[in-house]
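Structure file target09.csv (CSV, C-alpha atoms) follows.
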```csv
chain,number,residue,atom,x,y,z
A,297,MET,CA,105.0,-112.8,65.0
A,298,LYS,CA,103.4,-115.0,67.6
A,299,GLN,CA,101.2,-112.1,68.8
A,300,ILE,CA,99.9,-111.5,65.2
A,301,ALA,CA,99.0,-115.2,64.8
A,302,PHE,CA,97.3,-115.2,68.2
A,303,ILE,CA,95.2,-112.1,67.3
A,304,ALA,CA,94.3,-113.6,64.0
A,305,VAL,CA,93.1,-116.9,65.6
A,306,THR,CA,91.2,-115.0,68.2
A,307,VAL,CA,89.4,-112.9,65.7
A,308,LEU,CA,88.5,-115.9,63.6
A,309,ALA,CA,87.2,-117.7,66.7
A,310,PHE,CA,84.7,-114.9,67.3
A,311,LEU,CA,83.7,-114.3,63.6
A,312,LEU,CA,83.1,-117.9,62.4
A,313,PRO,CA,80.2,-118.6,64.7
A,314,TRP,CA,78.4,-115.4,63.6
A,315,GLN,CA,78.9,-116.3,59.9
A,316,GLY,CA,77.0,-119.5,60.4
A,317,LEU,CA,74.1,-117.7,62.1
A,318,GLN,CA,73.7,-115.1,59.4
A,319,ALA,CA,73.5,-117.7,56.6
A,320,GLN,CA,70.3,-119.3,57.9
A,321,PRO,CA,67.0,-117.8,56.9
A,322,LYS,CA,64.7,-116.8,59.7
A,323,GLU,CA,61.6,-118.9,60.2
A,324,LYS,CA,58.8,-117.1,62.1
A,325,LYS,CA,57.0,-119.2,64.6
A,326,GLY,CA,53.6,-120.2,63.5
A,327,ALA,CA,54.0,-118.9,59.9
A,328,GLN,CA,51.5,-120.6,57.7
A,329,VAL,CA,52.0,-120.1,54.0
A,330,GLU,CA,49.0,-120.6,51.7
A,331,THR,CA,49.0,-120.7,47.9
A,332,VAL,CA,46.0,-119.2,46.0
A,333,VAL,CA,45.4,-119.0,42.3
A,334,PHE,CA,43.4,-116.1,40.9
A,335,SER,CA,41.8,-115.8,37.4
A,336,VAL,CA,42.7,-112.2,36.4
A,337,ASN,CA,42.0,-110.5,33.1
A,338,VAL,CA,45.7,-109.7,32.3
A,339,HIS,CA,46.4,-109.3,28.6
A,340,CYS,CA,50.0,-108.0,28.0
A,341,ASP,CA,53.4,-107.6,29.5
A,342,ASN,CA,52.5,-104.2,30.9
A,343,CYS,CA,49.6,-105.8,32.9
A,344,LYS,CA,52.1,-108.4,34.2
A,345,ALA,CA,54.6,-105.8,35.1
A,346,LYS,CA,52.0,-103.7,36.9
A,347,LEU,CA,51.0,-106.7,39.0
A,348,GLU,CA,54.6,-107.8,39.7
A,349,LYS,CA,55.4,-104.2,40.8
A,350,LYS,CA,52.5,-103.8,43.3
A,351,ILE,CA,51.3,-107.1,44.7
A,352,PRO,CA,54.5,-108.3,46.3
A,353,PHE,CA,54.3,-105.3,48.6
A,354,GLU,CA,51.0,-106.4,50.0
A,355,LYS,CA,51.3,-107.7,53.6
A,356,GLY,CA,52.4,-111.3,53.9
A,357,VAL,CA,53.0,-112.0,50.2
A,358,LYS,CA,56.0,-114.3,49.9
A,359,ASP,CA,56.0,-115.1,46.2
A,360,MET,CA,53.8,-114.6,43.1
A,361,ASP,CA,53.7,-115.8,39.5
A,362,VAL,CA,51.8,-114.2,36.6
A,363,ASP,CA,50.8,-116.6,33.8
A,364,LEU,CA,49.7,-114.4,30.8
A,365,GLU,CA,48.8,-117.3,28.6
A,366,ASN,CA,46.2,-118.7,31.0
A,367,GLN,CA,45.4,-115.3,32.7
A,368,MET,CA,46.2,-116.7,36.1
A,369,VAL,CA,48.1,-115.2,39.1
A,370,THR,CA,49.5,-117.5,41.7
A,371,VAL,CA,50.3,-116.0,45.1
A,372,LYS,CA,52.0,-117.5,48.2
A,373,PHE,CA,51.3,-115.5,51.4
A,374,ASP,CA,51.4,-115.8,55.2
A,375,THR,CA,47.9,-116.4,56.4
A,376,ARG,CA,48.7,-114.6,59.7
A,377,LYS,CA,49.2,-111.3,57.8
A,378,ASN,CA,46.7,-111.5,54.9
A,379,ASP,CA,44.0,-113.5,53.3
A,380,ALA,CA,42.9,-114.4,49.7
A,381,GLU,CA,40.0,-111.9,49.6
A,382,ALA,CA,42.3,-109.0,50.6
A,383,ILE,CA,44.8,-109.9,47.9
A,384,ALA,CA,42.0,-110.3,45.4
A,385,LYS,CA,40.8,-106.8,46.4
A,386,ALA,CA,44.4,-105.4,45.9
A,387,ILE,CA,44.5,-106.9,42.4
A,388,GLY,CA,41.0,-105.5,41.7
A,389,ASP,CA,42.1,-102.1,42.9
A,390,LEU,CA,44.7,-102.1,40.1
A,391,GLY,CA,41.8,-102.2,37.6
A,392,TYR,CA,41.5,-106.0,36.9
A,393,THR,CA,38.6,-108.4,37.2
A,394,VAL,CA,39.6,-111.1,39.7
A,395,GLU,CA,38.2,-114.5,40.7
A,396,ILE,CA,39.6,-116.8,43.3
A,397,ILE,CA,40.1,-120.3,41.8
A,398,GLU,CA,41.8,-122.2,44.7
```
What do you get writing this file as structure tokens?
Amino acid sequence: MKQIAFIAVTVLAFLLPWQGLQAQPKEKKGAQVETVVFSVNVHCDNCKAKLEKKIPFEKGVKDMDVDLENQMVTVKFDTRKNDAEAIAKAIGDLGYTVEIIE
């Protein structure tokens, strides 16, 4: 019985520090996140779905929001991996007219 308790305590002693390390998100050194707003001629839910399916897979894109009512797309991205012009080109390649607002 003492051996089982010893083994359980030993296993917990090794696992608990690892659990704390895994819970923390990794921050990359020098990561610079920029937010850019684009005016895009999106008209319907299908347009929104098309953008939400493709644009998050562009390099460096961290988050995006499509506002159908105002026809705006907001994109957060890592400036070390991409730039606003390249993201605008990716949106344009999907068949939309794009203009950088901010």
- Query: What lies within 10 Å of A:Ala345 using only C-alpha atoms, ignoring chain neighbours under 5 positions off, as an MDAnalysis selection string?
  - Reply: chainID A and resid 340 350 362
- Task: Please measure the separation of atom CA of A:Leu390 and atom CA of A:Asn342, giving the value in Å to one decimal.
- Result: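 Atom CA of A:Asn342 lies 12.2 Å from atom CA of A:Leu390.
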- Query: When you draw a straight line from atom CA of A:Val333 to atom CA of A:Lys349, how long is it in Å?
  - Reply: 17.9 Å
- Quick one, how far is atom CA of A:Ser335 from atom CA of A:Met368?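 Here the two named atoms are 4.7 Å from each other.
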- For each of A:Arg376, A:Gly356, A:Lys346, A:Phe334, take the minimum atom-to-atom distance to A:Ile396, counting only C-alpha atoms, then give the residue where this is smallest.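 The answer is A:Phe334, which sits nearest to A:Ile396.
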- Query: Using only C-alpha atoms, which residue out of A:Leu364, A:Ile300, A:Leu347, A:Ile383 lies closest to A:Thr331?
  - Reply: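 Using only C-alpha atoms, A:Thr331 sits closest to A:Ile383.
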- Top pick for closest residue to A:Glu330, considering A:Val394, A:Val371, A:Cys343, A:Met360 and counting all atoms listed in the file: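 Once distances to A:Glu330 are computed over all atoms listed in the file, the minimum belongs to A:Val371.
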